[in-house]
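Shown next: query.csv, given as CSV, C-alpha atoms.
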chain,number,residue,atom,x,y,z
A,1,ILE,CA,69.2,17.8,89.0
A,2,GLU,CA,71.4,20.7,87.9
A,3,GLY,CA,74.4,21.2,90.3
A,4,LEU,CA,74.0,17.8,91.9
A,5,GLY,CA,76.4,15.4,90.2
A,6,GLU,CA,77.6,12.0,91.2
A,7,LYS,CA,80.6,13.5,93.0
A,8,HIS,CA,78.4,15.7,95.0
A,9,ILE,CA,76.1,12.9,96.0
A,10,SER,CA,79.1,10.7,97.0
A,11,ALA,CA,80.5,13.5,99.1
A,12,PHE,CA,77.2,14.2,100.8
A,13,TRP,CA,76.8,10.5,101.4
A,14,GLN,CA,80.2,10.3,103.1
A,15,ASP,CA,79.4,13.2,105.3
A,16,GLY,CA,76.0,11.8,106.3
A,17,LEU,CA,73.9,14.5,104.5
A,18,ILE,CA,72.3,11.8,102.3
A,19,ARG,CA,71.4,8.3,103.3
A,20,GLN,CA,68.5,7.5,100.9
A,21,PRO,CA,67.0,9.1,97.8
A,22,GLY,CA,64.4,11.1,99.7
A,23,ASP,CA,67.2,12.8,101.7
A,24,ILE,CA,68.0,14.8,98.5
A,25,PHE,CA,64.7,16.6,98.8
A,26,ARG,CA,65.4,17.3,102.5
A,27,LEU,CA,68.8,19.0,101.8
A,28,LYS,CA,67.1,22.4,102.3
A,29,THR,CA,67.2,21.7,106.0
A,30,ARG,CA,71.0,21.5,105.7
A,31,LEU,CA,71.4,24.7,103.7
A,32,ASP,CA,73.9,26.1,106.2
A,33,ASP,CA,76.0,22.9,106.2
A,34,ILE,CA,76.2,22.8,102.4
A,35,ALA,CA,77.1,26.5,102.2
A,36,GLU,CA,80.0,26.0,104.6
A,37,ARG,CA,81.4,23.2,102.6
A,38,GLU,CA,84.6,23.9,100.6
A,39,GLY,CA,83.9,25.1,97.1
A,40,TRP,CA,80.2,26.0,97.9
A,41,GLY,CA,79.1,29.1,99.6
A,42,GLU,CA,75.6,30.5,100.2
A,43,ILE,CA,74.8,31.4,96.6
A,44,SER,CA,75.8,27.9,95.2
A,45,ALA,CA,73.9,26.2,98.0
A,46,THR,CA,70.8,28.2,97.5
A,47,LYS,CA,70.9,27.5,93.7
A,48,LEU,CA,71.2,23.8,94.5
A,49,ILE,CA,68.1,23.8,96.8
A,50,ALA,CA,66.1,25.7,94.1
A,51,ALA,CA,67.1,23.2,91.5
A,52,ILE,CA,66.1,20.3,93.7
A,53,ASP,CA,62.7,22.0,94.4
A,54,GLU,CA,62.1,22.3,90.7
A,55,ARG,CA,62.3,18.5,90.5
A,56,ARG,CA,59.6,17.8,93.1
A,57,ARG,CA,57.1,17.2,90.3
A,58,ILE,CA,58.3,14.3,88.1
A,59,PRO,CA,56.6,12.4,85.3
A,60,LEU,CA,55.9,8.8,86.0
A,61,ASP,CA,58.2,7.4,83.3
A,62,ARG,CA,61.2,9.4,84.6
A,63,PHE,CA,60.4,8.4,88.2
A,64,ILE,CA,60.4,4.7,87.2
A,65,ASN,CA,63.6,5.1,85.3
A,66,ALA,CA,65.3,6.7,88.3
A,67,LEU,CA,64.5,3.8,90.7
A,68,GLY,CA,67.4,1.8,89.3
A,69,ILE,CA,65.5,-1.4,88.7
A,70,PRO,CA,67.7,-3.9,86.8
A,71,GLN,CA,67.0,-4.0,83.1
A,72,VAL,CA,64.6,-1.1,83.3
A,73,GLY,CA,65.9,1.9,81.4
A,74,GLN,CA,64.2,4.9,79.9
A,75,ALA,CA,62.4,3.0,77.1
A,76,THR,CA,61.0,0.3,79.4
A,77,ALA,CA,60.0,2.9,82.0
A,78,ARG,CA,58.0,4.7,79.3
A,79,LEU,CA,56.3,1.4,78.4
A,80,LEU,CA,55.4,0.8,82.1
A,81,ALA,CA,54.2,4.3,82.5
A,82,ARG,CA,52.0,4.1,79.4
A,83,HIS,CA,50.5,0.8,80.5
A,84,TYR,CA,49.8,1.5,84.2
A,85,ARG,CA,49.3,5.3,84.0
A,86,SER,CA,49.8,6.2,87.7
A,87,LEU,CA,52.3,5.3,90.4
A,88,ALA,CA,49.6,4.0,92.7
A,89,HIS,CA,48.2,1.7,90.0
A,90,TRP,CA,51.7,0.4,89.0
A,91,ARG,CA,52.8,-0.2,92.6
A,92,GLY,CA,49.5,-1.9,93.5
A,93,GLU,CA,49.8,-4.2,90.5
A,94,MET,CA,53.4,-5.1,91.2
A,95,GLU,CA,52.7,-5.9,94.8
A,96,ALA,CA,49.7,-8.1,93.7
A,97,ALA,CA,52.1,-9.7,91.2
A,98,GLN,CA,54.1,-11.2,94.0
A,99,ASP,CA,51.6,-14.1,93.7
A,100,PRO,CA,52.8,-16.1,90.7
A,101,GLU,CA,49.2,-17.0,89.8
A,102,SER,CA,47.8,-13.5,90.0
A,103,PRO,CA,46.3,-11.7,87.0
A,104,ALA,CA,48.6,-8.8,87.8
A,105,ARG,CA,51.7,-10.9,86.9
A,106,ALA,CA,50.1,-12.1,83.7
A,107,HIS,CA,49.2,-8.5,82.8
A,108,LEU,CA,52.8,-7.4,83.3
A,109,LEU,CA,54.1,-10.1,81.0
A,110,ASP,CA,51.5,-9.0,78.5
A,111,VAL,CA,53.1,-5.6,78.2
A,112,HIS,CA,55.0,-5.5,74.9
A,113,GLY,CA,58.7,-5.5,75.5
A,114,ILE,CA,58.5,-7.0,79.0
A,115,GLY,CA,60.0,-10.5,79.0
A,116,ALA,CA,60.0,-13.1,81.8
A,117,ASP,CA,63.5,-12.1,83.1
A,118,MET,CA,62.7,-8.4,83.2
A,119,ALA,CA,59.3,-9.0,84.8
A,120,ALA,CA,61.1,-11.0,87.5
A,121,ASP,CA,63.4,-8.1,88.2
A,122,ILE,CA,60.5,-5.6,88.4
A,123,ILE,CA,58.5,-7.9,90.7
A,124,GLY,CA,61.6,-8.6,92.7
A,125,PHE,CA,62.2,-4.9,93.3
A,126,PHE,CA,58.8,-4.7,95.0
A,127,ALA,CA,59.5,-7.8,97.0
A,128,GLU,CA,62.2,-6.0,99.0
A,129,PRO,CA,60.9,-4.2,102.1
A,130,HIS,CA,63.7,-1.7,101.8
A,131,ASN,CA,62.7,-0.7,98.3
A,132,ARG,CA,59.1,-0.3,99.4
A,133,ALA,CA,60.2,1.9,102.3
A,134,VAL,CA,62.3,4.1,99.8
A,135,LEU,CA,59.2,4.5,97.7
A,136,ASP,CA,57.1,5.5,100.7
A,137,ASP,CA,59.7,8.0,101.7
A,138,LEU,CA,60.0,9.5,98.2
A,139,ALA,CA,56.2,9.8,98.0
A,140,ARG,CA,56.3,12.2,100.9
A,141,GLU,CA,58.8,14.4,99.1
A,142,VAL,CA,57.8,14.4,95.5
A,143,THR,CA,54.7,14.4,93.3
A,144,VAL,CA,54.7,11.7,90.7
A,145,LEU,CA,52.6,12.9,87.7
A,146,ASP,CA,50.3,10.4,86.1
A,147,TYR,CA,51.2,9.4,82.5
A,148,GLU,CA,49.7,11.7,80.0
A,149,ALA,CA,49.4,10.6,76.4
A,150,PRO,CA,50.4,13.1,73.7
A,151,ALA,CA,47.5,15.3,72.5
A,152,GLN,CA,47.3,13.2,69.3
A,153,ALA,CA,46.9,10.0,71.3
A,154,SER,CA,44.2,11.4,73.6
A,155,GLN,CA,41.9,12.0,70.6
A,156,SER,CA,42.7,8.6,69.0
A,157,PRO,CA,40.2,5.7,68.8
A,158,LEU,CA,43.2,3.6,69.9
A,159,ALA,CA,43.8,5.5,73.1
A,160,GLY,CA,43.9,3.1,76.0
A,161,LYS,CA,43.2,0.1,73.8
A,162,THR,CA,45.3,-3.1,73.8
A,163,ILE,CA,46.4,-4.2,70.3
A,164,VAL,CA,48.2,-7.3,69.1
A,165,PHE,CA,49.9,-7.6,65.7
A,166,THR,CA,50.3,-11.0,64.0
A,167,GLY,CA,51.6,-11.8,60.5
A,168,GLY,CA,53.4,-9.4,58.1
A,169,LEU,CA,52.1,-6.1,56.9
A,170,GLU,CA,52.8,-4.7,53.4
A,171,ALA,CA,52.6,-1.0,54.1
A,172,MET,CA,54.9,-0.9,57.1
A,173,SER,CA,57.2,-3.1,59.2
A,174,ARG,CA,56.0,-4.7,62.4
A,175,SER,CA,58.1,-2.2,64.5
A,176,GLU,CA,56.7,0.7,62.6
A,177,ALA,CA,53.2,-0.5,63.2
A,178,LYS,CA,53.9,-0.9,66.9
A,179,ALA,CA,55.4,2.6,67.1
A,180,ARG,CA,52.4,4.1,65.4
A,181,ALA,CA,50.0,2.3,67.7
A,182,GLU,CA,51.9,3.4,70.8
A,183,ALA,CA,52.0,7.0,69.5
A,184,LEU,CA,48.2,6.9,69.3
A,185,GLY,CA,48.0,5.8,72.9
A,186,ALA,CA,47.5,2.1,72.5
A,187,ASN,CA,49.2,-0.6,74.5
A,188,VAL,CA,50.9,-3.1,72.2
A,189,ALA,CA,50.8,-6.7,73.6
A,190,SER,CA,52.6,-9.8,72.5
A,191,SER,CA,49.9,-12.2,73.2
A,192,VAL,CA,46.1,-12.4,72.8
A,193,SER,CA,43.8,-12.4,75.9
A,194,ALA,CA,40.3,-11.6,76.8
A,195,LYS,CA,41.5,-8.1,77.5
A,196,THR,CA,42.8,-7.5,74.0
A,197,ASP,CA,40.8,-5.0,72.1
A,198,TYR,CA,42.1,-5.5,68.5
A,199,VAL,CA,44.2,-8.1,66.7
A,200,VAL,CA,45.7,-6.9,63.4
A,201,ILE,CA,46.1,-9.8,61.1
A,202,GLY,CA,48.7,-9.6,58.3
A,203,ALA,CA,50.0,-12.2,55.9
A,204,ASP,CA,50.9,-15.6,57.2
A,205,ALA,CA,49.3,-14.9,60.6
A,206,GLY,CA,49.9,-17.5,63.2
A,207,SER,CA,47.9,-19.0,66.1
A,208,LYS,CA,47.0,-15.5,67.5
A,209,ALA,CA,44.4,-15.1,64.8
A,210,ALA,CA,42.7,-18.3,65.8
A,211,LYS,CA,42.9,-17.4,69.5
A,212,ALA,CA,41.3,-14.0,68.7
A,213,ALA,CA,38.4,-15.7,67.0
A,214,ALA,CA,37.9,-18.1,69.8
A,215,LEU,CA,37.9,-15.2,72.4
A,216,GLY,CA,35.7,-13.0,70.3
A,217,VAL,CA,38.3,-10.3,70.0
A,218,THR,CA,37.9,-7.8,67.1
A,219,THR,CA,40.2,-8.6,64.3
A,220,LEU,CA,41.4,-6.1,61.7
A,221,ASP,CA,43.0,-6.7,58.3
A,222,GLU,CA,45.7,-4.3,57.1
A,223,ALA,CA,43.4,-1.9,55.4
A,224,ALA,CA,41.2,-1.6,58.5
A,225,TRP,CA,44.3,-1.1,60.7
A,226,LEU,CA,45.6,1.7,58.4
A,227,GLU,CA,42.2,3.5,58.6
A,228,LEU,CA,42.0,3.2,62.4
A,229,ALA,CA,45.6,4.5,62.6
A,230,GLY,CA,44.6,7.5,60.5
A,231,LEU,CA,46.9,6.4,57.6
A,232,ALA,CA,45.7,6.2,54.1
A,233,PRO,CA,47.6,3.4,52.3
A,234,ALA,CA,49.6,6.0,50.3
A,235,GLU,CA,50.8,7.6,53.6
A,236,ALA,CA,52.2,4.4,55.1
A,237,GLY,CA,55.7,3.4,54.5
Full structure transcribed into structure tokens:
Amino acid sequence: IEGLGEKHISAFWQDGLIRQPGDIFRLKTRLDDIAEREGWGEISATKLIAAIDERRRIPLDRFINALGIPQVGQATARLLARHYRSLAHWRGEMEAAQDPESPARAHLLDVHGIGADMAADIIGFFAEPHNRAVLDDLAREVTVLDYEAPAQASQSPLAGKTIVFTGGLEAMSRSEAKARAEALGANVASSVSAKTDYVVIGADAGSKAAKAAALGVTTLDEAAWLELAGLAPAEAG
């Protein structure tokens, strides 16, 4: 938020103007107190309140990133937003994931890039009553926007699909393939399950190919993957 740096937050905290994140969005009720502070004045205080109000609508990935969950930075927040789509869905799944045997916990671990340690930190965040209270308070002050895939992704046959890559690809690296799939709105998972939509099988594929066959999951060779991704072989690489 423009005009609200760490030093300002620290000073406001020391003087009791802020006690929890939601208090930032209630500073407009303390406009006179801020204006009277040394170095501020009515104009600066008014500009600050306007800047805060401009941040009342926040994309889901930015909101998740701002929560300060250990190991969850901007990239991971984007992965979570893309996978769960809305704050209500994400929160409901994370609260359900408190049960170690729940499908919700397995689904979290199935998100590409989310390992066991990171999943434990995310689930642990929701296990704390204080954190849930902070979320409730913030929800009364801000509107968290549902994740919106890029226009290209919304028109893609991969939009909303879960895809797994196994084996090596000739036309692109595994990381390039994952990036392409995600740009087209797909969720890239690290393991095959009944919820997987496609398994792309490259050279020297491992057990994931066999599991896909056993579960009846659609498998794609590299040529089929390139076609689905909208890439002619000459365009890849």
Worksheet item: What does the distance between CA of His130 in chain A and CA of Met94 in chain A come to in Å, to one decimal place?
Response: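 For CA of His130 in chain A relative to CA of Met94 in chain A, the distance reads 15.2 Å.
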Hey, what's within 12 Å of range 35-51 of chain A if we count only C-alpha atoms and toss same-chain stuff fewer than 5 positions away? As a compact mmCIF listing (two decimals) with C-alpha atoms, in the coordinates of the input, please?
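Here's the written file part39.txt:
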# COMPACT_ATOMS: atom_id res chain seq x y z
CA ILE A 1 69.20 17.80 89.00
CA GLU A 2 71.40 20.70 87.90
CA GLY A 3 74.40 21.20 90.30
CA LEU A 4 74.00 17.80 91.90
CA GLY A 5 76.40 15.40 90.20
CA HIS A 8 78.40 15.70 95.00
CA ALA A 11 80.50 13.50 99.10
CA PHE A 12 77.20 14.20 100.80
CA ASP A 15 79.40 13.20 105.30
CA LEU A 17 73.90 14.50 104.50
CA ILE A 24 68.00 14.80 98.50
CA PHE A 25 64.70 16.60 98.80
CA ARG A 26 65.40 17.30 102.50
CA LEU A 27 68.80 19.00 101.80
CA LYS A 28 67.10 22.40 102.30
CA THR A 29 67.20 21.70 106.00
CA ARG A 30 71.00 21.50 105.70
CA ARG A 56 59.60 17.80 93.10
CA ARG A 57 57.10 17.20 90.30
With a cut-off of 9 Å, could you pull out the residues of range 182-222 of chain A touching range 139-149 of chain A and give me the nearest pair of atoms for each, distance in Å to one decimal, using all atoms listed in the file, ordered by chain and ascending number, as JSON lines?
{"residue": "A:Ala183", "atom": "CA", "partner": "A:Ala149", "partner_atom": "CA", "distance": 8.2}
{"residue": "A:Leu184", "atom": "CA", "partner": "A:Ala149", "partner_atom": "CA", "distance": 8.1}
{"residue": "A:Gly185", "atom": "CA", "partner": "A:Ala149", "partner_atom": "CA", "distance": 6.1}
Worksheet item: Suppose you want the space between CA of Ile52 in chain A and CA of Pro70 in chain A; what is it in Å?
Response: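 Rounded to one decimal, the two atoms are 25.2 Å apart.
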Practice prompt. Skip range 103-119 of chain A itself and residues of its chain fewer than 5 positions away, then list as a PyMOL selection string all residues within 6 Å of it, counting only C-alpha atoms.
Written response: chain A and resi 93+97+188-190
Worksheet entry | Interatomic distance (Å, one decimal) between CA of Gly160 in chain A and CA of Ala120 in chain A |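 A separation of 25.0 Å between them.
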Fill in: Lys208 in chain A surroundings by all atoms listed in the file, 10 Å radius, close-in-sequence under 2 positions cut, as a PyMOL selection string
chain A and resi 164-167+190-193+199-201+205-206+210-214
Item to complete: Can you pull out every residue within 9 Å of Ala127 in chain A, counting only C-alpha atoms, but drop anything in the same chain fewer than 4 positions away, and send it as a VMD selection string?
Response: chain A and resid 94 to 95 98 122 to 123 131 to 132
Item to complete: Might you pull out every residue within 12 Å of Gly68 in chain A, with all atoms listed in the file counted and same-chain residues fewer than 3 positions away left off, and present them as a list in words?
Response: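 Here the answer would be Pro21, Arg62, Phe63, Ile64, Asn65, Gln71, Val72, Gly73, Gln74, Thr76, Ala77, Asp121, Ile122, Phe125, Asn131 and Val134 of chain A.
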Worksheet item: With only C-alpha atoms as the basis for distance, which of A:Glu54, A:Ala133, A:Pro59, A:Ala229 is at the shortest distance from Ala81 in chain A?
Response: A:Pro59
Worksheet item: So, counting only C-alpha atoms, which residue among A:Ile9, A:Leu60, A:Leu67, A:Leu226 is closest to Met172 in chain A?
Response: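 Counting only C-alpha atoms, the residue closest to Met172 in chain A is A:Leu226.
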